[in-house]
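Dumped target-v9.cif below, it's mmCIF, C-alpha atoms:
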data_data
loop_
_atom_site.label_atom_id
_atom_site.label_comp_id
_atom_site.auth_asym_id
_atom_site.auth_seq_id
_atom_site.Cartn_x
_atom_site.Cartn_y
_atom_site.Cartn_z
CA MET A 1 -182.03 35.94 14.94
CA ALA A 2 -179.26 38.44 14.25
CA ALA A 3 -177.76 35.99 11.76
CA LEU A 4 -181.11 35.66 9.97
CA LEU A 5 -181.55 39.43 9.83
CA ILE A 6 -178.11 39.82 8.27
CA TYR A 7 -178.76 36.92 5.88
CA GLY A 8 -182.00 38.56 4.77
CA TYR A 9 -180.25 41.88 4.30
CA LEU A 10 -177.36 40.49 2.26
CA PHE A 11 -179.00 37.81 0.14
CA ASN A 12 -182.48 39.11 -0.67
CA PRO A 13 -182.54 38.75 -4.48
CA VAL A 14 -185.35 41.26 -5.00
CA GLY A 15 -184.29 44.19 -7.18
CA LYS A 16 -184.11 47.27 -4.98
CA LEU A 17 -183.54 50.84 -6.01
CA SER A 18 -180.65 51.35 -3.59
CA LYS A 19 -178.86 48.26 -4.94
CA CYS A 20 -179.38 49.43 -8.53
CA LEU A 21 -178.14 52.95 -7.83
CA ALA A 22 -175.04 51.47 -6.20
CA ASP A 23 -174.33 49.28 -9.23
CA PRO A 24 -176.19 50.75 -12.26
CA GLU A 25 -174.41 48.64 -14.90
CA ARG A 26 -175.53 45.38 -13.32
CA CYS A 27 -179.16 46.50 -12.95
CA ASP A 28 -179.55 48.03 -16.43
CA GLY A 29 -182.81 46.84 -17.96
CA GLN A 30 -183.91 45.05 -14.78
CA LEU A 31 -187.53 45.24 -13.61
CA ILE A 32 -187.58 46.49 -10.03
CA GLY A 33 -190.15 47.39 -7.43
CA VAL A 34 -190.09 50.69 -5.60
CA GLY A 35 -192.50 51.14 -2.75
CA THR A 36 -190.79 51.23 0.61
CA GLU A 37 -192.30 54.47 1.90
CA ALA A 38 -191.77 55.89 -1.60
CA LYS A 39 -193.26 59.31 -2.23
CA VAL A 40 -193.81 61.49 -5.28
CA VAL A 41 -191.61 64.56 -4.88
CA GLU A 42 -192.22 66.49 -8.08
CA LEU A 43 -194.24 66.19 -11.28
CA LEU A 44 -192.40 66.66 -14.57
CA PRO A 45 -193.70 67.07 -18.15
CA GLU A 46 -192.53 63.56 -19.10
CA GLY A 47 -192.95 61.86 -15.73
CA PHE A 48 -192.20 62.54 -12.08
CA ILE A 49 -189.51 62.33 -9.42
CA ILE A 50 -189.85 59.93 -6.50
CA GLN A 51 -187.96 59.51 -3.28
CA GLU A 52 -187.40 56.19 -1.59
CA LEU A 53 -185.16 55.67 1.44
CA GLY A 54 -183.68 59.11 0.98
CA GLN A 55 -182.78 58.51 -2.68
CA ARG A 56 -184.42 60.43 -5.50
CA ILE A 57 -184.87 59.19 -9.03
CA ARG A 58 -186.72 60.34 -12.15
CA VAL A 59 -189.51 58.12 -13.45
CA VAL A 60 -190.56 58.30 -17.09
CA GLY A 61 -194.28 57.63 -17.44
CA SER A 62 -197.65 58.97 -16.44
CA PRO A 63 -198.07 59.73 -12.72
CA GLN A 64 -201.84 59.07 -13.18
CA LYS A 65 -203.63 60.50 -10.13
CA ALA A 66 -200.52 60.87 -8.02
CA SER A 67 -199.53 64.29 -6.78
CA PRO A 68 -196.50 65.46 -4.79
CA GLY A 69 -196.49 64.00 -1.29
CA ASP A 70 -198.50 60.88 -2.23
CA TYR A 71 -197.19 57.46 -1.30
CA ILE A 72 -196.83 55.21 -4.32
CA ARG A 73 -195.73 51.73 -5.32
CA ILE A 74 -194.29 51.25 -8.77
CA ARG A 75 -192.87 48.53 -10.93
CA ALA A 76 -190.36 49.96 -13.37
CA VAL A 77 -187.39 49.17 -15.56
CA PHE A 78 -184.11 50.56 -14.23
CA HIS A 79 -181.81 52.28 -16.73
CA LYS A 80 -178.13 52.75 -16.01
CA GLU A 81 -178.40 56.41 -17.04
CA GLY A 82 -180.19 56.92 -13.74
CA TYR A 83 -183.91 56.85 -14.46
CA LEU A 84 -186.82 54.44 -14.27
CA GLU A 85 -189.23 53.56 -17.04
CA LEU A 86 -192.66 53.07 -15.52
CA ASP A 87 -194.40 49.75 -16.00
CA ARG A 88 -197.11 49.83 -13.31
CA LEU A 89 -198.10 52.36 -10.68
CA TYR A 90 -200.34 52.23 -7.65
CA VAL A 91 -201.12 55.36 -5.64
CA ALA A 92 -201.41 54.37 -1.99
CA LYS A 93 -203.91 57.11 -1.10
CA GLY A 94 -204.90 55.68 2.29
CA ARG A 95 -201.37 55.03 3.49
CA ARG A 96 -201.18 57.88 6.01
CA ALA A 97 -204.62 57.01 7.41
CA LYS A 98 -203.57 53.38 7.67
CA ILE A 99 -200.49 54.26 9.70
CA ILE A 100 -202.46 56.56 11.99
CA VAL A 101 -205.34 54.15 12.69
CA SER A 102 -202.86 51.34 13.29
CA ILE A 103 -201.40 53.12 16.31
CA VAL A 104 -204.64 52.70 18.30
CA PRO A 105 -204.85 48.87 18.43
CA ALA A 106 -201.11 48.66 19.13
CA LEU A 107 -201.51 50.87 22.20
CA LEU A 108 -204.74 49.09 23.20
CA VAL A 109 -203.09 45.66 23.18
CA LEU A 110 -200.15 46.97 25.24
CA PHE A 111 -202.63 48.47 27.72
CA LEU A 112 -204.58 45.18 27.92
CA LEU A 113 -201.35 43.22 28.34
CA PHE A 114 -200.28 45.24 31.38
CA ARG A 115 -203.83 45.21 32.76
CA THR A 116 -204.13 41.42 32.47
CA TYR A 117 -200.60 40.55 33.57
CA ARG A 118 -198.45 42.19 36.20
CA VAL A 119 -194.71 42.40 35.75
CA ASP A 120 -192.51 40.75 38.33
CA TRP A 121 -189.47 42.97 37.82
CA ARG A 122 -187.18 40.85 39.99
CA GLN A 123 -187.66 37.76 37.83
CA LEU A 124 -188.59 39.64 34.66
CA LEU A 125 -191.80 37.66 34.28
CA PHE A 126 -195.38 38.46 33.39
CA ARG A 127 -197.71 36.96 35.98
CA GLU A 128 -201.47 36.65 35.67
CA ARG A 129 -203.40 39.09 37.82
CA ILE A 130 -205.85 37.21 40.01
CA MET B 1 -200.70 44.08 5.25
CA PRO B 2 -204.14 45.30 6.23
CA ASP B 3 -204.18 47.99 8.95
CA LEU B 4 -203.85 46.90 12.57
CA VAL B 5 -207.52 47.66 13.36
CA THR B 6 -208.51 44.98 10.84
CA HIS B 7 -205.97 42.54 12.30
CA PHE B 8 -207.15 43.32 15.84
CA ALA B 9 -210.84 43.01 14.91
CA SER B 10 -210.33 39.60 13.33
CA ALA B 11 -208.50 38.39 16.45
CA TYR B 12 -211.15 39.94 18.71
CA ILE B 13 -214.02 38.19 16.90
CA LEU B 14 -212.30 34.81 17.06
CA LYS B 15 -211.74 35.17 20.81
CA ILE B 16 -215.31 36.10 21.80
CA PRO B 17 -216.32 32.65 23.15
CA ASP B 18 -215.82 32.50 26.94
CA ARG B 19 -213.80 29.30 26.85
CA TRP B 20 -211.15 30.92 24.65
CA ALA B 21 -211.11 34.26 26.44
CA ARG B 22 -208.42 33.55 29.07
CA PHE B 23 -205.47 33.87 26.72
CA ARG B 24 -206.97 36.39 24.40
CA ILE B 25 -204.34 39.07 25.06
CA PRO B 26 -201.40 36.94 23.81
CA PHE B 27 -203.60 36.05 20.83
CA TYR B 28 -204.26 39.73 20.08
CA LEU B 29 -200.56 40.47 20.52
CA GLY B 30 -199.67 37.66 18.10
CA ALA B 31 -202.15 39.01 15.58
CA LEU B 32 -200.35 42.37 15.58
CA LEU B 33 -196.82 41.12 16.17
CA PRO B 34 -195.45 40.82 12.60
CA ASP B 35 -196.30 44.47 11.93
CA LEU B 36 -195.24 45.67 15.38
CA LEU B 37 -191.83 44.11 14.85
CA SER B 38 -191.11 45.48 11.40
CA ARG B 39 -193.28 48.49 10.48
CA PRO B 40 -192.20 51.05 13.09
CA TRP B 41 -188.62 50.78 11.81
CA MET B 42 -189.73 51.00 8.18
CA ILE B 43 -191.87 54.06 8.81
CA LEU B 44 -189.64 55.94 11.25
CA TYR B 45 -186.31 55.02 9.67
CA PRO B 46 -186.93 53.69 6.12
CA PRO B 47 -183.24 52.87 5.39
CA ALA B 48 -183.57 50.09 7.99
CA SER B 49 -186.23 48.36 5.83
CA SER B 50 -183.81 46.01 4.09
CA LEU B 51 -182.54 44.81 7.44
CA VAL B 52 -185.82 44.41 9.34
CA TYR B 53 -188.13 43.21 6.57
CA SER B 54 -187.35 39.58 7.48
CA LEU B 55 -189.03 40.19 10.86
CA HIS B 56 -192.26 40.07 8.85
CA THR B 57 -191.77 36.43 7.89
CA PRO B 58 -193.33 33.42 9.61
CA SER B 59 -190.05 31.88 10.75
CA MET B 60 -188.72 35.06 12.34
CA THR B 61 -192.03 35.91 14.00
CA ALA B 62 -192.24 32.37 15.37
CA ILE B 63 -188.79 32.78 16.96
CA VAL B 64 -189.92 36.07 18.54
CA CYS B 65 -193.09 34.37 19.87
CA LEU B 66 -190.97 31.68 21.53
CA LEU B 67 -188.82 34.40 23.09
CA ILE B 68 -191.78 36.46 24.31
CA ALA B 69 -193.42 33.38 25.86
CA GLN B 70 -190.31 32.86 27.99
CA PHE B 71 -191.16 36.10 29.77
CA PHE B 72 -194.41 34.63 31.11
CA GLU B 73 -194.66 32.55 34.27
CA GLU B 74 -194.17 28.84 33.75
CA ASN B 75 -197.71 27.61 34.44
CA ILE B 76 -199.16 29.71 31.62
CA ARG B 77 -196.14 29.78 29.28
CA SER B 78 -197.25 27.02 26.91
CA ASN B 79 -200.72 28.57 26.50
CA VAL B 80 -199.23 32.01 25.92
CA ARG B 81 -196.83 30.56 23.34
CA LEU B 82 -199.64 28.73 21.55
CA ASN B 83 -201.88 31.80 21.48
CA LEU B 84 -199.08 34.04 20.26
CA LEU B 85 -198.36 31.61 17.43
CA LEU B 86 -202.06 31.25 16.55
CA GLY B 87 -202.39 35.04 16.48
CA VAL B 88 -199.40 35.27 14.14
CA ALA B 89 -200.96 32.59 11.91
CA LEU B 90 -204.15 34.66 11.76
CA HIS B 91 -202.13 37.75 10.81
CA TYR B 92 -200.44 36.00 7.90
CA SER B 93 -203.71 34.38 6.80
CA LEU B 94 -205.03 37.92 6.20
CA ASP B 95 -201.80 39.21 4.64
CA ILE B 96 -201.80 36.45 2.03
CA PHE B 97 -204.88 38.02 0.40
CA GLN B 98 -203.20 41.28 -0.51
CA LYS B 99 -201.86 42.53 -3.81
CA TYR B 100 -198.23 43.30 -4.56
CA GLN B 101 -196.64 45.52 -7.17
CA THR B 102 -193.61 43.30 -7.65
CA VAL B 103 -193.00 40.57 -5.11
CA GLY B 104 -194.92 39.56 -2.03
CA TYR B 105 -193.79 38.35 1.35
CA HIS B 106 -191.12 35.70 1.60
CA TRP B 107 -193.25 33.14 3.40
CA LEU B 108 -190.56 30.46 3.39
CA PHE B 109 -187.65 32.66 4.49
CA PRO B 110 -184.82 31.67 5.10
CA PHE B 111 -185.30 28.44 3.11
CA SER B 112 -186.62 29.99 -0.08
CA TRP B 113 -187.04 33.41 -1.68
CA LYS B 114 -190.21 32.30 -3.49
CA THR B 115 -193.23 34.50 -2.88
CA PHE B 116 -196.91 34.08 -3.43
CA GLY B 117 -200.17 35.82 -2.60
CA LEU B 118 -203.81 35.77 -3.63
CA GLY B 119 -203.80 39.41 -4.79
CA LEU B 120 -207.34 40.34 -3.77
CA PHE B 121 -206.81 43.81 -2.26
CA TRP B 122 -204.21 46.53 -1.81
CA PRO B 123 -202.84 47.00 1.70
CA GLU B 124 -204.58 50.39 2.04
CA ASP B 125 -208.03 49.09 0.99
CA SER B 126 -208.77 47.76 4.46
CA VAL B 127 -208.80 51.29 5.92
CA LYS B 128 -212.28 51.85 4.42
CA PHE B 129 -213.65 49.15 6.73
CA VAL B 130 -212.14 50.52 9.94
CA PRO B 131 -215.38 52.30 11.05
CA LEU B 132 -217.26 49.05 10.45
CA TRP B 133 -214.81 47.04 12.61
CA ILE B 134 -214.89 49.62 15.41
CA GLY B 135 -218.70 49.71 15.32
CA LEU B 136 -218.90 45.93 15.39
CA ILE B 137 -216.51 45.67 18.36
CA LEU B 138 -218.45 48.32 20.28
CA ILE B 139 -221.77 46.53 19.64
CA ILE B 140 -220.32 43.18 20.72
CA GLU B 141 -218.80 44.75 23.86
CA ALA B 142 -222.17 46.39 24.68
CA VAL B 143 -224.02 43.06 24.26
CA LEU B 144 -221.44 41.21 26.40
CA LEU B 145 -221.67 43.90 29.10
CA TYR B 146 -225.49 43.74 29.06
CA ARG B 147 -225.44 39.94 29.38
CA LYS B 148 -222.93 40.14 32.24
CA ARG B 149 -225.13 42.62 34.11
CA GLN B 150 -228.19 40.42 33.59
CA ARG B 151 -226.24 37.44 34.94
CA ASP B 152 -225.04 39.44 37.94
CA LYS B 153 -228.59 40.62 38.65
CA GLY B 154 -229.81 37.01 38.50
CA ARG B 155 -227.13 35.94 40.95
CA THR B 156 -227.95 38.79 43.36
CA ARG B 157 -231.63 37.77 43.30
CA LEU B 158 -230.74 34.13 44.00
CA ASP B 159 -228.41 35.14 46.87
CA SER B 160 -231.09 37.29 48.51
#

Structure re-expressed in structure tokens:
Amino acid sequence: MAALLIYGYLFNPVGKLSKCLADPERCDGQLIGVGTEAKVVELLPEGFIIQELGQRIRVVGSPQKASPGDYIRIRAVFHKEGYLELDRLYVAKGRRAKIIVSIVPALLVLFLLFRTYRVDWRQLLFRERI
Amino acid sequence: MPDLVTHFASAYILKIPDRWARFRIPFYLGALLPDLLSRPWMILYPPASSLVYSLHTPSMTAIVCLLIAQFFEENIRSNVRLNLLLGVALHYSLDIFQKYQTVGYHWLFPFSWKTFGLGLFWPEDSVKFVPLWIGLILIIEAVLLYRKRQRDKGRTRLDS
């Protein structure tokens, strides 16, 4: 499993912002996706600034209905000068609500698991409660 | 991915029949597992996303299911394993409907980086239906409880 995780990390061919910022020449003109917990940080006259994985970058294009603090997903062309040219944008308005409501079933299933099965700590096994 | 209430509700509805109820908890767990494995890291520590995203692929989740099943006693292990895997299959069968901005999930990881999806809804769209799912589950639970009480009453009458 560890090997697969590392393989996925090293060989994923999808254009990522962090990879492009590390090697701007190679990514110049490449269409990339930005949307891993990406947020709008600031609106500018000609576009906006976003932050993804702790890295900020300027995006040239209309922010549409996005405002600072909103989660977004964009498809954009990376330029080696250090900015993105917007191609498509989606404002993930319900993202926070989605994260919050998702906590409830996760806790519920854990509760049901421990209610239905008891843990035998000596053998590290779940046993059915009779 | 739709929210976990939607994933849970779909698993809950499929496991209503009595004959399938015994291993419903592993099934529910399987239905949430791909997101439980990967999303907390992505949300709480986004730089880890590149490393853990492969946990949201069928092959990796299947490996985790096999591991989890080993922690259940032997006489139920195969049923737990099967229900975990079926729950995971249900999870991905919902995920395949969602839209992507660039690329979707790598369904065939680690054998291929090809992605595909049906692109019917954005991941956040499902949140609108959360009250509906919760209402539906509560109604079903109330009906099941009512039926159980009626059955118990019938038995008590027969015993007396």

Result set, the PyMOL selection byres ((chain B) within 7 of (chain A)) on current file, as a list in words:
Asp3, Leu4, Val5, Phe8, Ile25, Tyr28, Leu29, Ile43, Pro46, Pro47, Ser50, Leu51, Val52, Ser54, Phe71, Phe72, Glu73, Gln101, Thr102, Glu124 and Val127 of chain B

Take the selection from the previous step and output its residues with C-alpha atoms, as an mmCIF file, in the frame of the given file.
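Listed below is the output, result_39.cif:
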data_model
loop_
_atom_site.group_PDB
_atom_site.id
_atom_site.type_symbol
_atom_site.label_atom_id
_atom_site.label_comp_id
_atom_site.auth_asym_id
_atom_site.auth_seq_id
_atom_site.Cartn_x
_atom_site.Cartn_y
_atom_site.Cartn_z
ATOM 1 C CA ASP B 3 -204.180 47.990 8.950
ATOM 2 C CA LEU B 4 -203.850 46.900 12.570
ATOM 3 C CA VAL B 5 -207.520 47.660 13.360
ATOM 4 C CA PHE B 8 -207.150 43.320 15.840
ATOM 5 C CA ILE B 25 -204.340 39.070 25.060
ATOM 6 C CA TYR B 28 -204.260 39.730 20.080
ATOM 7 C CA LEU B 29 -200.560 40.470 20.520
ATOM 8 C CA ILE B 43 -191.870 54.060 8.810
ATOM 9 C CA PRO B 46 -186.930 53.690 6.120
ATOM 10 C CA PRO B 47 -183.240 52.870 5.390
ATOM 11 C CA SER B 50 -183.810 46.010 4.090
ATOM 12 C CA LEU B 51 -182.540 44.810 7.440
ATOM 13 C CA VAL B 52 -185.820 44.410 9.340
ATOM 14 C CA SER B 54 -187.350 39.580 7.480
ATOM 15 C CA PHE B 71 -191.160 36.100 29.770
ATOM 16 C CA PHE B 72 -194.410 34.630 31.110
ATOM 17 C CA GLU B 73 -194.660 32.550 34.270
ATOM 18 C CA GLN B 101 -196.640 45.520 -7.170
ATOM 19 C CA THR B 102 -193.610 43.300 -7.650
ATOM 20 C CA GLU B 124 -204.580 50.390 2.040
ATOM 21 C CA VAL B 127 -208.800 51.290 5.920
#

CA of Met60 (chain B) sits from CA of His91 (chain B) at a separation of 13.8 Å

Within 8 Å of Leu108 (chain B) using all atoms listed in the file, minus same-chain residues under 4 positions, as a PyMOL selection string:
chain B and resi 57-59+112-115

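The shortest atom-to-atom distance to His7 (chain B), with only C-alpha atoms taken into account, belongs to B:Gly30 out of B:Gly30, B:Pro110, B:Gly154, B:Pro40.
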
For the structure provided, state which residues fall under the PyMOL selection byres ((chain B and resi 27) around 8), and present them as a PyMOL selection string.
chain B and resi 11+23-26+28-31+80+83-88

For the structure provided, state which residues fall under the PyMOL selection byres ((chain A and resi 68) around 7), and present them as a VMD selection string.
chain A and resid 40 to 43 66 to 67 69 to 70

Suppose you want the space between CA of Asp87 (chain A) and CA of Gln98 (chain B); what is it in Å?
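Rounded to one decimal, the two atoms are 19.7 Å apart.
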
Interatomic distance (Å, one decimal) between CA of Leu90 (chain B) and CA of Glu74 (chain B)
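Interatomic distance, CA of Leu90 (chain B) to CA of Glu74 (chain B): 24.8 Å.
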
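Considering the residues B:Pro17, B:Phe111, B:Arg22, B:Arg77 and counting only C-alpha atoms, Arg129 (chain A) has its shortest atom-to-atom contact with B:Arg22.
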